[in-house]
Amino acid sequence: EIRPMSTVKDRPYWWEEAEPQHADEGTPPETADVVVVGGGYAGMGAAIPLSRDGRDVVVLERDRPGDGASSRNGGITSGNIRLSFSKLIDKFGLEHAKAFYEEGRVARQDLFDFIEAEKLDCDLQLVGRFTGAMRPEILENMKREAEKLHRHVGIEMKIIERADQHDEIGSDLYHGGAVRSDMGGVHPGKLHRELHRVAKASGAKIFSGVGVTNIERVGGTFTVTTPKGKIKANHVIVCTNGYTDKGLPWLRRRLVPVISEMIATEPLSPNLMATLMPKKQMHGETRQLGHYYRPSPDGTRILLGGRRYDNDAAKARERLRGGLLEIFPDLSENRLSHHWFGFVAFPMDELPKLTIHDGVVYATGFCGSGVVWARWLGMKAAMVVMGREEGASAFDKVPFRAIPFYNGTPWFLPVMMNWYKLKDRMTGTLK
C-alpha cells in the first residue's frame with residue numbers, strides 16, 4: 001500500500017541537495033551580443049563557450065534556471081537516440097546513421113571530460129547501463145544491433161543471456177539484455193547547479209523570471225521582447241525544450257511536450273540494494289512505454305521513471321510503483337519518499353535538433369535524453385554563432401518540420417500513448 005499523498009513529497013528527490021535557485025531578478029540590459037533563451041543544460045552549454053570567447057551574453061530564463069527537466073530527470077548519461085541503428089540506416093543511409101551514433105559517443109565522452117576538467121561536483125559515476133529485453137526475440141534483435149554497432153561505429157554493447165542476468169540485476173522480469181559500459185549517471189540537480197556556476201563565473205549575465213514574448217529580426221539585428229523590456233542583440237540562441245511557450249511560436253509548432261515522471265523509494269538496506277542492483281548500474285528496458293531506473297548516487301534508494309498517461313497524480317504514482325514492483329517484487333513492503341514530474345520534448349522525427357530559422361539558432365528536441373544532448377547541442381549552437389567548424393553536427397542536416405494541425409497543444413498525445421500501450425500489451429510486456 002502506498003503511503004498517504006501528504007507524506008510522499010511532490011518535489012524532485014534531487015532538490016533535497018540541489019534545488020534550483022533564482023538568478024538575477026532585475027531588468028536585463030538593453031543590448032547584448034548574444035541572447036540565450038532558456039537557462040537549462042542547453043542554455044548553460046551555449047553560454048559558457050560564448051562568454052569565454054569574450055562575448056557579451058545574456059541568458060533569459062522564465063522560471064528559475066534549471067527548474068525544468070534539467071533538475072527533474074533521471075540523471076542517466078545515455079545520449080540515446082530513439083531510433084535504432086538499423087532504423088536510422090533504413091531512413092538515412094549507413095553513413096548518416098553512423099554519424100548520429102558517433103556523435104552520441106563523442107558527446108557522452110565530452111560531458112565526462114568537461115565534468116573532470118572543470119571539477120564539477122555532480123556525483124558522476126561511470127557504472128554502465130543495463131537494458132532488459134522484454135522477450136527472447138528482442139534479445140536476438142539486440143544481438144544483431146550490437147554486431148552492427150561494433151562493426152560500423154566501434155561501440156561495444158555486451159549481450160547478457162538470461163542465465164547470467166542476476167549478475168546485472170536482481171530481477172526475473174527480463175529475458176537477458178545488453179550492457180553499455182560507456183554510460184553512467186550524475187546527480188542532475190548538482191550538474192545544473194555547477195553549469196550555472198561556471199557560466200556565471202565565465203561572465204554570462206543570467207536572469208530568472210524573464211520570459212520571452214517575441215523575437216524580431218530587422219536586418220542583422222534581433223529585438224528580443226520580454227515583460228521587463230526589449231534587448232537588441234546580434235545573435236539569438238533558443239534552448240527551450242519541453243517548456244517552450246507561446247512566445248516562440250515557430251518552435252512550439254515543432255515540439256511535442258511529454259510528461260516524464262519519477263518516484264524514489266525510502267532508503268533500503270545495503271543488503272537489499274546489493275541484491276537488486278549488484279553493479280549499481282543505470283537501467284532501462286525495451287518496451288515502448290518502458291521504465292528507466294537507477295540507484296541514488298549514495299546507493300541507498302532506487303529511483304524509477306516513465307511516461308505519464310494518466311492525469312490523476314495519485315493513479316500515476318500508483319502505476320509507477322506498480323512498475324517498480326513488477327521489476328522488483330521484493331520491494332512490496334517498502335515505501336516511497338518522492339514523486340515528481342517534468343516535461344521532455346520530441347520533434348516529429350524523434351531526433352534532437354540543431355537548426356537555424358530566420359537567423360535564430362535552435363538547440364532543442366532532446367527526446368528524453370537531454371543529460372548528454374542538451375549541453376552538447378547548446379555548445380554546438382555557440383560554435384555556430386562564433387563561426388567555428390566545431391558547430392557542425394550530424395543533427396544540423398535533418399529538416400525540422402512543423403507537425404500538421406498542431407499549435408503547441410498535443411491533442412493527439414492520448415491517442416499515441418494508447419497506441420504504445422496497445423503495442424506493449426500485444427507483445428505481452430505490459431500488465
# chains A, B, ... in the order shown; residues from 1 in each chain; ligands from 1
>>> closest_atom_pairs(of="segment 306-377 of chain A", to="segment 61-71 of chain A", cutoff="7 Å", atoms="only C-alpha atoms", output="Markdown table")
| residue | atom | partner | partner_atom | distance |
| --- | --- | --- | --- | --- |
| A:Gly342 | CA | A:Ala69 | CA | 5.5 |
| A:Phe343 | CA | A:Ala69 | CA | 6.1 |
| A:Val344 | CA | A:Ala69 | CA | 6.6 |
>>> write_last_selection(atoms="all heavy atoms", output="tab-separated table (two decimals), in the first residue's frame")
chain	number	residue	atom	x	y	z
A	342	GLY	N	8.18	16.20	-14.88
A	342	GLY	CA	8.70	17.30	-15.69
A	342	GLY	C	8.36	17.04	-17.14
A	342	GLY	O	7.84	15.97	-17.48
A	343	PHE	N	8.63	18.02	-17.99
A	343	PHE	CA	8.31	17.88	-19.41
A	343	PHE	C	9.58	17.67	-20.24
A	343	PHE	O	10.55	18.42	-20.12
A	343	PHE	CB	7.60	19.14	-19.93
A	343	PHE	CG	6.19	19.26	-19.45
A	343	PHE	CD1	5.89	19.98	-18.30
A	343	PHE	CD2	5.15	18.66	-20.13
A	343	PHE	CE1	4.59	20.11	-17.84
A	343	PHE	CE2	3.83	18.78	-19.69
A	343	PHE	CZ	3.56	19.50	-18.54
A	344	VAL	N	9.55	16.63	-21.06
A	344	VAL	CA	10.56	16.47	-22.10
A	344	VAL	C	9.88	16.79	-23.43
A	344	VAL	O	8.68	17.07	-23.46
A	344	VAL	CB	11.13	15.03	-22.10
A	344	VAL	CG1	11.86	14.76	-20.80
A	344	VAL	CG2	10.03	13.99	-22.30
>>> closest_residue(among="A:Val212, A:Leu351, A:Ala199, A:Leu320", to="Arg307 of chain A", atoms="only C-alpha atoms")
A:Leu320
>>> select_by_dssp(residues="segment 138-185 of chain A", states="alpha helix (DSSP H)", output="list in words")
Ile138, Leu139, Glu140, Asn141, Met142, Lys143, Arg144, Glu145, Ala146, Glu147, Lys148, Leu149, His150, Arg151, His152 and Val153 of chain A
>>> write_last_selection(atoms="N, CA, C and O atoms", output="PDB file, in the first residue's frame")
ATOM      1  N   ILE A 138      13.450 -10.244 -28.682  1.00  0.00           N
ATOM      2  CA  ILE A 138      14.051  -8.916 -28.591  1.00  0.00           C
ATOM      3  C   ILE A 138      15.536  -9.039 -28.260  1.00  0.00           C
ATOM      4  O   ILE A 138      16.358  -8.270 -28.759  1.00  0.00           O
ATOM      5  N   LEU A 139      15.891 -10.021 -27.434  1.00  0.00           N
ATOM      6  CA  LEU A 139      17.308 -10.244 -27.151  1.00  0.00           C
ATOM      7  C   LEU A 139      18.055 -10.597 -28.433  1.00  0.00           C
ATOM      8  O   LEU A 139      19.187 -10.147 -28.644  1.00  0.00           O
ATOM      9  N   GLU A 140      17.415 -11.368 -29.298  1.00  0.00           N
ATOM     10  CA  GLU A 140      18.051 -11.705 -30.576  1.00  0.00           C
ATOM     11  C   GLU A 140      18.243 -10.448 -31.425  1.00  0.00           C
ATOM     12  O   GLU A 140      19.274 -10.293 -32.088  1.00  0.00           O
ATOM     13  N   ASN A 141      17.254  -9.548 -31.398  1.00  0.00           N
ATOM     14  CA  ASN A 141      17.399  -8.272 -32.108  1.00  0.00           C
ATOM     15  C   ASN A 141      18.566  -7.462 -31.534  1.00  0.00           C
ATOM     16  O   ASN A 141      19.317  -6.819 -32.270  1.00  0.00           O
ATOM     17  N   MET A 142      18.681  -7.484 -30.208  1.00  0.00           N
ATOM     18  CA  MET A 142      19.774  -6.757 -29.555  1.00  0.00           C
ATOM     19  C   MET A 142      21.129  -7.306 -30.010  1.00  0.00           C
ATOM     20  O   MET A 142      22.093  -6.544 -30.187  1.00  0.00           O
ATOM     21  N   LYS A 143      21.211  -8.599 -30.182  1.00  0.00           N
ATOM     22  CA  LYS A 143      22.468  -9.195 -30.645  1.00  0.00           C
ATOM     23  C   LYS A 143      22.828  -8.682 -32.035  1.00  0.00           C
ATOM     24  O   LYS A 143      23.996  -8.361 -32.305  1.00  0.00           O
ATOM     25  N   ARG A 144      21.832  -8.575 -32.901  1.00  0.00           N
ATOM     26  CA  ARG A 144      22.095  -8.069 -34.259  1.00  0.00           C
ATOM     27  C   ARG A 144      22.501  -6.594 -34.219  1.00  0.00           C
ATOM     28  O   ARG A 144      23.413  -6.167 -34.936  1.00  0.00           O
ATOM     29  N   GLU A 145      21.820  -5.810 -33.380  1.00  0.00           N
ATOM     30  CA  GLU A 145      22.177  -4.396 -33.247  1.00  0.00           C
ATOM     31  C   GLU A 145      23.596  -4.241 -32.693  1.00  0.00           C
ATOM     32  O   GLU A 145      24.356  -3.384 -33.137  1.00  0.00           O
ATOM     33  N   ALA A 146      23.927  -5.070 -31.701  1.00  0.00           N
ATOM     34  CA  ALA A 146      25.259  -4.995 -31.094  1.00  0.00           C
ATOM     35  C   ALA A 146      26.341  -5.256 -32.134  1.00  0.00           C
ATOM     36  O   ALA A 146      27.377  -4.566 -32.164  1.00  0.00           O
ATOM     37  N   GLU A 147      26.094  -6.227 -32.999  1.00  0.00           N
ATOM     38  CA  GLU A 147      27.086  -6.550 -34.030  1.00  0.00           C
ATOM     39  C   GLU A 147      27.255  -5.397 -35.003  1.00  0.00           C
ATOM     40  O   GLU A 147      28.375  -5.023 -35.371  1.00  0.00           O
ATOM     41  N   LYS A 148      26.143  -4.778 -35.405  1.00  0.00           N
ATOM     42  CA  LYS A 148      26.202  -3.646 -36.339  1.00  0.00           C
ATOM     43  C   LYS A 148      26.911  -2.446 -35.720  1.00  0.00           C
ATOM     44  O   LYS A 148      27.735  -1.790 -36.360  1.00  0.00           O
ATOM     45  N   LEU A 149      26.582  -2.146 -34.468  1.00  0.00           N
ATOM     46  CA  LEU A 149      27.205  -1.003 -33.804  1.00  0.00           C
ATOM     47  C   LEU A 149      28.709  -1.202 -33.648  1.00  0.00           C
ATOM     48  O   LEU A 149      29.493  -0.273 -33.834  1.00  0.00           O
ATOM     49  N   HIS A 150      29.089  -2.413 -33.323  1.00  0.00           N
ATOM     50  CA  HIS A 150      30.522  -2.682 -33.170  1.00  0.00           C
ATOM     51  C   HIS A 150      31.232  -2.584 -34.519  1.00  0.00           C
ATOM     52  O   HIS A 150      32.310  -1.979 -34.626  1.00  0.00           O
ATOM     53  N   ARG A 151      30.623  -3.142 -35.551  1.00  0.00           N
ATOM     54  CA  ARG A 151      31.270  -3.174 -36.867  1.00  0.00           C
ATOM     55  C   ARG A 151      31.371  -1.789 -37.483  1.00  0.00           C
ATOM     56  O   ARG A 151      32.393  -1.424 -38.062  1.00  0.00           O
ATOM     57  N   HIS A 152      30.328  -0.983 -37.347  1.00  0.00           N
ATOM     58  CA  HIS A 152      30.282   0.291 -38.070  1.00  0.00           C
ATOM     59  C   HIS A 152      30.741   1.493 -37.241  1.00  0.00           C
ATOM     60  O   HIS A 152      31.226   2.474 -37.796  1.00  0.00           O
ATOM     61  N   VAL A 153      30.530   1.448 -35.911  1.00  0.00           N
ATOM     62  CA  VAL A 153      30.812   2.620 -35.086  1.00  0.00           C
ATOM     63  C   VAL A 153      31.852   2.328 -34.006  1.00  0.00           C
ATOM     64  O   VAL A 153      32.389   3.260 -33.395  1.00  0.00           O
TER      65      VAL A 153
END
>>> residues_around(residues="Asp349 of chain A", least_positions_apart="3", cutoff="9 Å", atoms="only C-alpha atoms", output="tab-separated table (two decimals) with all heavy atoms, in the first residue's frame")
chain	number	residue	atom	x	y	z
A	346	PHE	N	9.68	16.09	-27.91
A	346	PHE	CA	10.02	15.28	-29.07
A	346	PHE	C	9.66	16.02	-30.36
A	346	PHE	O	8.52	16.46	-30.52
A	346	PHE	CB	9.23	13.97	-29.05
A	346	PHE	CG	9.60	13.04	-27.94
A	346	PHE	CD1	9.15	13.24	-26.65
A	346	PHE	CD2	10.42	11.94	-28.19
A	346	PHE	CE1	9.49	12.38	-25.63
A	346	PHE	CE2	10.78	11.07	-27.17
A	346	PHE	CZ	10.32	11.29	-25.89
A	352	PRO	N	17.10	14.69	-32.00
A	352	PRO	CA	17.48	16.00	-31.47
A	352	PRO	C	17.74	16.98	-32.60
A	352	PRO	O	18.07	16.59	-33.73
A	352	PRO	CB	18.76	15.71	-30.69
A	352	PRO	CG	18.68	14.27	-30.34
A	352	PRO	CD	17.98	13.62	-31.50
A	400	PHE	N	13.69	20.28	-39.77
A	400	PHE	CA	12.92	20.41	-38.54
A	400	PHE	C	11.52	20.83	-38.95
A	400	PHE	O	11.22	22.01	-39.06
A	400	PHE	CB	13.59	21.44	-37.64
A	400	PHE	CG	13.11	21.44	-36.20
A	400	PHE	CD1	12.16	20.54	-35.74
A	400	PHE	CD2	13.64	22.35	-35.29
A	400	PHE	CE1	11.73	20.55	-34.43
A	400	PHE	CE2	13.23	22.37	-33.97
A	400	PHE	CZ	12.27	21.47	-33.54
A	401	ARG	N	10.66	19.86	-39.16
A	401	ARG	CA	9.35	20.12	-39.76
A	401	ARG	C	8.29	20.41	-38.70
A	401	ARG	O	8.29	19.84	-37.62
A	401	ARG	CB	8.92	18.93	-40.61
A	401	ARG	CG	9.82	18.69	-41.82
A	401	ARG	CD	9.20	17.69	-42.78
A	401	ARG	NE	9.97	17.60	-44.01
A	401	ARG	CZ	10.94	16.71	-44.23
A	401	ARG	NH1	11.24	15.85	-43.27
A	401	ARG	NH2	11.59	16.69	-45.37
>>> residues_around(residues="Ala204 of chain A", least_positions_apart="4", cutoff="6 Å", atoms="only C-alpha atoms", output="PyMOL selection string")
chain A and resi 51+57+199-200
>>> write_last_selection(atoms="N, CA, C and O atoms", output="PDB file, in the first residue's frame")
ATOM      1  N   SER A  51      30.771  33.084 -23.502  1.00  0.00           N
ATOM      2  CA  SER A  51      31.327  34.025 -22.529  1.00  0.00           C
ATOM      3  C   SER A  51      32.841  33.924 -22.476  1.00  0.00           C
ATOM      4  O   SER A  51      33.546  34.939 -22.382  1.00  0.00           O
ATOM      5  N   VAL A  57      27.058  37.997 -23.151  1.00  0.00           N
ATOM      6  CA  VAL A  57      25.983  37.002 -23.191  1.00  0.00           C
ATOM      7  C   VAL A  57      24.952  37.284 -22.115  1.00  0.00           C
ATOM      8  O   VAL A  57      25.288  37.474 -20.940  1.00  0.00           O
ATOM      9  N   ALA A 199      28.982  29.082 -15.831  1.00  0.00           N
ATOM     10  CA  ALA A 199      28.532  30.092 -16.792  1.00  0.00           C
ATOM     11  C   ALA A 199      28.626  31.495 -16.188  1.00  0.00           C
ATOM     12  O   ALA A 199      29.094  32.444 -16.838  1.00  0.00           O
ATOM     13  N   LYS A 200      28.201  31.620 -14.952  1.00  0.00           N
ATOM     14  CA  LYS A 200      28.254  32.928 -14.282  1.00  0.00           C
ATOM     15  C   LYS A 200      29.699  33.374 -14.083  1.00  0.00           C
ATOM     16  O   LYS A 200      30.055  34.538 -14.331  1.00  0.00           O
TER      17      LYS A 200
END
>>> closest_atom_pairs(of="segment 343-413 of chain A", to="segment 224-247 of chain A", cutoff="10 Å", atoms="only C-alpha atoms", output="CSV")
residue,atom,partner,partner_atom,distance
A:Phe343,CA,A:Gly242,CA,4.9
A:Val344,CA,A:Gly242,CA,4.5
A:Ala345,CA,A:Gly242,CA,4.5
A:Phe346,CA,A:Gly242,CA,8.1
A:Pro347,CA,A:Asn241,CA,9.9
A:Leu354,CA,A:Cys239,CA,9.9
A:Ile356,CA,A:Ile237,CA,9.1
A:Gly359,CA,A:His235,CA,7.7
A:Val360,CA,A:Val236,CA,5.3
A:Val361,CA,A:Ile237,CA,4.7
A:Tyr362,CA,A:Val238,CA,4.9
A:Ala363,CA,A:Cys239,CA,5.2
A:Thr364,CA,A:Asn241,CA,5.4
A:Gly365,CA,A:Asn241,CA,6.0
A:Phe366,CA,A:Asn241,CA,7.5
A:Cys367,CA,A:Asn241,CA,9.3
A:Gly368,CA,A:Gly242,CA,9.5
A:Gly370,CA,A:Asn241,CA,9.5
A:Ala374,CA,A:Cys239,CA,8.2
A:Arg375,CA,A:Cys239,CA,9.6
A:Leu377,CA,A:Cys239,CA,9.0
A:Gly378,CA,A:Cys239,CA,6.9
A:Ala381,CA,A:Ile237,CA,7.0
A:Ala382,CA,A:Ile237,CA,7.8
A:Val384,CA,A:Ile237,CA,9.8
A:Val385,CA,A:His235,CA,7.1
A:Met386,CA,A:His235,CA,9.9
A:Asn407,CA,A:Lys246,CA,9.1
A:Gly408,CA,A:Asp245,CA,8.0
>>> decode(residues="segment 98-119 of chain A", atoms="N, CA, C and O atoms", output="PDB file, in the first residue's frame")
ATOM      1  N   LYS A  98      25.716   6.230 -39.069  1.00  0.00           N
ATOM      2  CA  LYS A  98      26.987   6.163 -38.343  1.00  0.00           C
ATOM      3  C   LYS A  98      27.318   7.513 -37.713  1.00  0.00           C
ATOM      4  O   LYS A  98      27.795   7.587 -36.573  1.00  0.00           O
ATOM      5  N   ALA A  99      27.052   8.594 -38.446  1.00  0.00           N
ATOM      6  CA  ALA A  99      27.357   9.935 -37.929  1.00  0.00           C
ATOM      7  C   ALA A  99      26.526  10.256 -36.690  1.00  0.00           C
ATOM      8  O   ALA A  99      27.038  10.851 -35.725  1.00  0.00           O
ATOM      9  N   PHE A 100      25.239   9.870 -36.675  1.00  0.00           N
ATOM     10  CA  PHE A 100      24.391  10.103 -35.496  1.00  0.00           C
ATOM     11  C   PHE A 100      24.981   9.397 -34.271  1.00  0.00           C
ATOM     12  O   PHE A 100      25.138  10.001 -33.199  1.00  0.00           O
ATOM     13  N   TYR A 101      25.265   8.111 -34.420  1.00  0.00           N
ATOM     14  CA  TYR A 101      25.741   7.332 -33.279  1.00  0.00           C
ATOM     15  C   TYR A 101      27.147   7.733 -32.855  1.00  0.00           C
ATOM     16  O   TYR A 101      27.472   7.739 -31.669  1.00  0.00           O
ATOM     17  N   GLU A 102      27.977   8.082 -33.820  1.00  0.00           N
ATOM     18  CA  GLU A 102      29.320   8.542 -33.493  1.00  0.00           C
ATOM     19  C   GLU A 102      29.260   9.853 -32.709  1.00  0.00           C
ATOM     20  O   GLU A 102      30.015  10.057 -31.749  1.00  0.00           O
ATOM     21  N   GLU A 103      28.338  10.740 -33.103  1.00  0.00           N
ATOM     22  CA  GLU A 103      28.212  11.995 -32.363  1.00  0.00           C
ATOM     23  C   GLU A 103      27.734  11.743 -30.935  1.00  0.00           C
ATOM     24  O   GLU A 103      28.167  12.415 -30.001  1.00  0.00           O
ATOM     25  N   GLY A 104      26.860  10.761 -30.761  1.00  0.00           N
ATOM     26  CA  GLY A 104      26.446  10.401 -29.407  1.00  0.00           C
ATOM     27  C   GLY A 104      27.611   9.910 -28.571  1.00  0.00           C
ATOM     28  O   GLY A 104      27.741  10.270 -27.398  1.00  0.00           O
ATOM     29  N   ARG A 105      28.474   9.115 -29.161  1.00  0.00           N
ATOM     30  CA  ARG A 105      29.653   8.617 -28.445  1.00  0.00           C
ATOM     31  C   ARG A 105      30.571   9.774 -28.045  1.00  0.00           C
ATOM     32  O   ARG A 105      31.021   9.865 -26.896  1.00  0.00           O
ATOM     33  N   VAL A 106      30.803  10.690 -28.986  1.00  0.00           N
ATOM     34  CA  VAL A 106      31.679  11.836 -28.710  1.00  0.00           C
ATOM     35  C   VAL A 106      31.046  12.760 -27.673  1.00  0.00           C
ATOM     36  O   VAL A 106      31.730  13.270 -26.770  1.00  0.00           O
ATOM     37  N   ALA A 107      29.728  12.980 -27.775  1.00  0.00           N
ATOM     38  CA  ALA A 107      29.040  13.877 -26.834  1.00  0.00           C
ATOM     39  C   ALA A 107      29.085  13.344 -25.412  1.00  0.00           C
ATOM     40  O   ALA A 107      29.283  14.104 -24.451  1.00  0.00           O
ATOM     41  N   ARG A 108      28.908  12.037 -25.251  1.00  0.00           N
ATOM     42  CA  ARG A 108      28.998  11.431 -23.915  1.00  0.00           C
ATOM     43  C   ARG A 108      30.382  11.648 -23.317  1.00  0.00           C
ATOM     44  O   ARG A 108      30.528  12.077 -22.171  1.00  0.00           O
ATOM     45  N   GLN A 109      31.397  11.330 -24.117  1.00  0.00           N
ATOM     46  CA  GLN A 109      32.761  11.461 -23.612  1.00  0.00           C
ATOM     47  C   GLN A 109      33.096  12.921 -23.321  1.00  0.00           C
ATOM     48  O   GLN A 109      33.802  13.227 -22.358  1.00  0.00           O
ATOM     49  N   ASP A 110      32.567  13.820 -24.150  1.00  0.00           N
ATOM     50  CA  ASP A 110      32.830  15.244 -23.926  1.00  0.00           C
ATOM     51  C   ASP A 110      32.227  15.712 -22.603  1.00  0.00           C
ATOM     52  O   ASP A 110      32.829  16.525 -21.896  1.00  0.00           O
ATOM     53  N   LEU A 111      31.060  15.201 -22.262  1.00  0.00           N
ATOM     54  CA  LEU A 111      30.452  15.552 -20.976  1.00  0.00           C
ATOM     55  C   LEU A 111      31.337  15.064 -19.830  1.00  0.00           C
ATOM     56  O   LEU A 111      31.611  15.816 -18.882  1.00  0.00           O
ATOM     57  N   PHE A 112      31.790  13.810 -19.923  1.00  0.00           N
ATOM     58  CA  PHE A 112      32.654  13.281 -18.865  1.00  0.00           C
ATOM     59  C   PHE A 112      33.942  14.108 -18.751  1.00  0.00           C
ATOM     60  O   PHE A 112      34.384  14.429 -17.644  1.00  0.00           O
ATOM     61  N   ASP A 113      34.520  14.445 -19.900  1.00  0.00           N
ATOM     62  CA  ASP A 113      35.764  15.222 -19.896  1.00  0.00           C
ATOM     63  C   ASP A 113      35.549  16.617 -19.312  1.00  0.00           C
ATOM     64  O   ASP A 113      36.396  17.133 -18.572  1.00  0.00           O
ATOM     65  N   PHE A 114      34.399  17.230 -19.647  1.00  0.00           N
ATOM     66  CA  PHE A 114      34.095  18.572 -19.149  1.00  0.00           C
ATOM     67  C   PHE A 114      33.916  18.545 -17.631  1.00  0.00           C
ATOM     68  O   PHE A 114      34.412  19.419 -16.919  1.00  0.00           O
ATOM     69  N   ILE A 115      33.191  17.532 -17.143  1.00  0.00           N
ATOM     70  CA  ILE A 115      32.980  17.408 -15.699  1.00  0.00           C
ATOM     71  C   ILE A 115      34.324  17.285 -14.977  1.00  0.00           C
ATOM     72  O   ILE A 115      34.553  17.915 -13.938  1.00  0.00           O
ATOM     73  N   GLU A 116      35.224  16.488 -15.544  1.00  0.00           N
ATOM     74  CA  GLU A 116      36.534  16.296 -14.909  1.00  0.00           C
ATOM     75  C   GLU A 116      37.391  17.557 -15.002  1.00  0.00           C
ATOM     76  O   GLU A 116      37.986  17.991 -14.010  1.00  0.00           O
ATOM     77  N   ALA A 117      37.437  18.149 -16.202  1.00  0.00           N
ATOM     78  CA  ALA A 117      38.302  19.315 -16.404  1.00  0.00           C
ATOM     79  C   ALA A 117      37.864  20.512 -15.548  1.00  0.00           C
ATOM     80  O   ALA A 117      38.697  21.252 -15.021  1.00  0.00           O
ATOM     81  N   GLU A 118      36.543  20.682 -15.427  1.00  0.00           N
ATOM     82  CA  GLU A 118      36.022  21.832 -14.673  1.00  0.00           C
ATOM     83  C   GLU A 118      35.795  21.512 -13.199  1.00  0.00           C
ATOM     84  O   GLU A 118      35.320  22.358 -12.450  1.00  0.00           O
ATOM     85  N   LYS A 119      36.073  20.255 -12.831  1.00  0.00           N
ATOM     86  CA  LYS A 119      35.895  19.813 -11.437  1.00  0.00           C
ATOM     87  C   LYS A 119      34.468  20.068 -10.949  1.00  0.00           C
ATOM     88  O   LYS A 119      34.247  20.652  -9.877  1.00  0.00           O
TER      89      LYS A 119
END
